[in-house]
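Student: The structure is given below, and queries will be raised subsequently.
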Amino acid sequence: MKNVLDMFRLNGRRALVTGGAKGLGQVIATALAEAGADVIIVSRTLSDCEAAATAIRKTTGRNAYPIAADVSRAPDVGRLFRESTSAAGPIDILVNSAGINIRGPPPRLARRIGMPSSISI
């Protein structure tokens, strides 16, 4: 009998993880690679993407592609799609772990960032 985790293998799949260079996004990208997926690591800073991709390749043996993009900007999203599919092929899994962390008292934050800033990410 197979291990139950064998039913959840992602071999041959490609996952794109926004916010994948640090924190929870990097943990998710690593877990997907451990399950067999090749991963595209997306963040605004290329050096962070490269460091995460290198660590994921080293620990999992899977392909990991670093791509810098700001997913709140439409031109970056279009470029991200073109570069990721060119590098890895069609995307099977999309994880949006990108976010913003603006701190302050809630009333001031509501006036400062507004809902459109949060939604665009």
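By convention here, the chains of the structure tokens are called A, B, ... in the order presented, each chain's residues are numbered starting at 1, and ligands are numbered starting at 1 in the order presented.
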Could you list, as a list in words, every residue within 9 Å of Arg13 in chain A, counting only C-alpha atoms and ignoring same-chain residues fewer than 6 positions away?

Tutor: Gly36, Ala37, Asp38, Val39, Pro90, Ile91, Asp92 and Ile93 of chain A

Student: Excluding same-chain residues fewer than 4 positions from Leu24 in chain A, what lies within 8 Å of it counting only C-alpha atoms, as a ChimeraX atom specification?

Tutor: /A:20,28,97

Student: Hey, what does DSSP flag as strand (DSSP E or B) within chain A? Can you give it to me as a ChimeraX atom specification?

Tutor: /A:14-18,38-43,64-68,93-96

Student: Can those selected residues be exported to a file as a short mmCIF file (atom, residue, chain, number, x, y, z; two decimals), in the first residue's frame so that it contains C-alpha atoms?

Tutor:
```cif
data_model
loop_
_atom_site.label_atom_id
_atom_site.label_comp_id
_atom_site.auth_asym_id
_atom_site.auth_seq_id
_atom_site.Cartn_x
_atom_site.Cartn_y
_atom_site.Cartn_z
CA ARG A 14 4.89 23.93 -11.95
CA ALA A 15 3.99 26.33 -9.15
CA LEU A 16 4.30 30.10 -9.16
CA VAL A 17 4.53 31.65 -5.69
CA THR A 18 4.27 35.42 -5.34
CA ASP A 38 9.21 22.98 -9.94
CA VAL A 39 8.70 26.47 -8.51
CA ILE A 40 8.86 30.03 -9.73
CA ILE A 41 9.82 32.38 -6.91
CA VAL A 42 8.42 35.90 -7.32
CA SER A 43 9.26 38.97 -5.27
CA ALA A 64 13.46 26.86 -8.94
CA TYR A 65 13.26 29.97 -11.10
CA PRO A 66 13.72 33.47 -9.61
CA ILE A 67 11.72 36.30 -11.19
CA ALA A 68 11.50 39.83 -9.83
CA ILE A 93 -0.40 26.03 -9.35
CA LEU A 94 -0.63 29.69 -8.35
CA VAL A 95 -0.07 30.84 -4.77
CA ASN A 96 -0.50 34.54 -4.03
#
```

Student: Using only C-alpha atoms, can you tell me which of A:Asp76, A:Asp6, A:Asp70, A:Glu83 comes closest to Thr45 in chain A?

Tutor: A:Asp70

Student: Can you tell me how far CA of Gly61 in chain A sits from CA of Gly12 in chain A, in Å to one decimal?

Tutor: 13.3 Å

Student: In range 8-82 of chain A, what's alpha helix (DSSP H) per DSSP? Answer as number ranges by chain?

Tutor: A: 23-34, 46-60, 74-82

Student: Could you check how far CA of Ser86 in chain A sits from CA of Ala69 in chain A, in Å to one decimal?

Tutor: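 According to the coordinates, CA of Ser86 in chain A and CA of Ala69 in chain A are separated by 15.2 Å.
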
Student: Neighbouring residues of range 55-57 of chain A were defined as those with any atom within 10 Å, considering only C-alpha atoms; residues of the same chain fewer than 3 positions away were excluded. Please report them as a ChimeraX atom specification.

Tutor: /A:26-27,29-34,38-39,41,49-52,60-65

Student: So the first atom is CA of Gly99 in chain A and the second is CA of Asn11 in chain A; what is the distance between them in Å, to one decimal place?

Tutor: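 Answer for the CA of Gly99 in chain A to CA of Asn11 in chain A separation: 28.1 Å.
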
Student: With only C-alpha atoms as the atoms that count, which of A:Thr85, A:Thr54, A:Asn3, A:Ser72 lies nearest to Ile100 in chain A?

Tutor: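 Closest candidate: A:Ser72.
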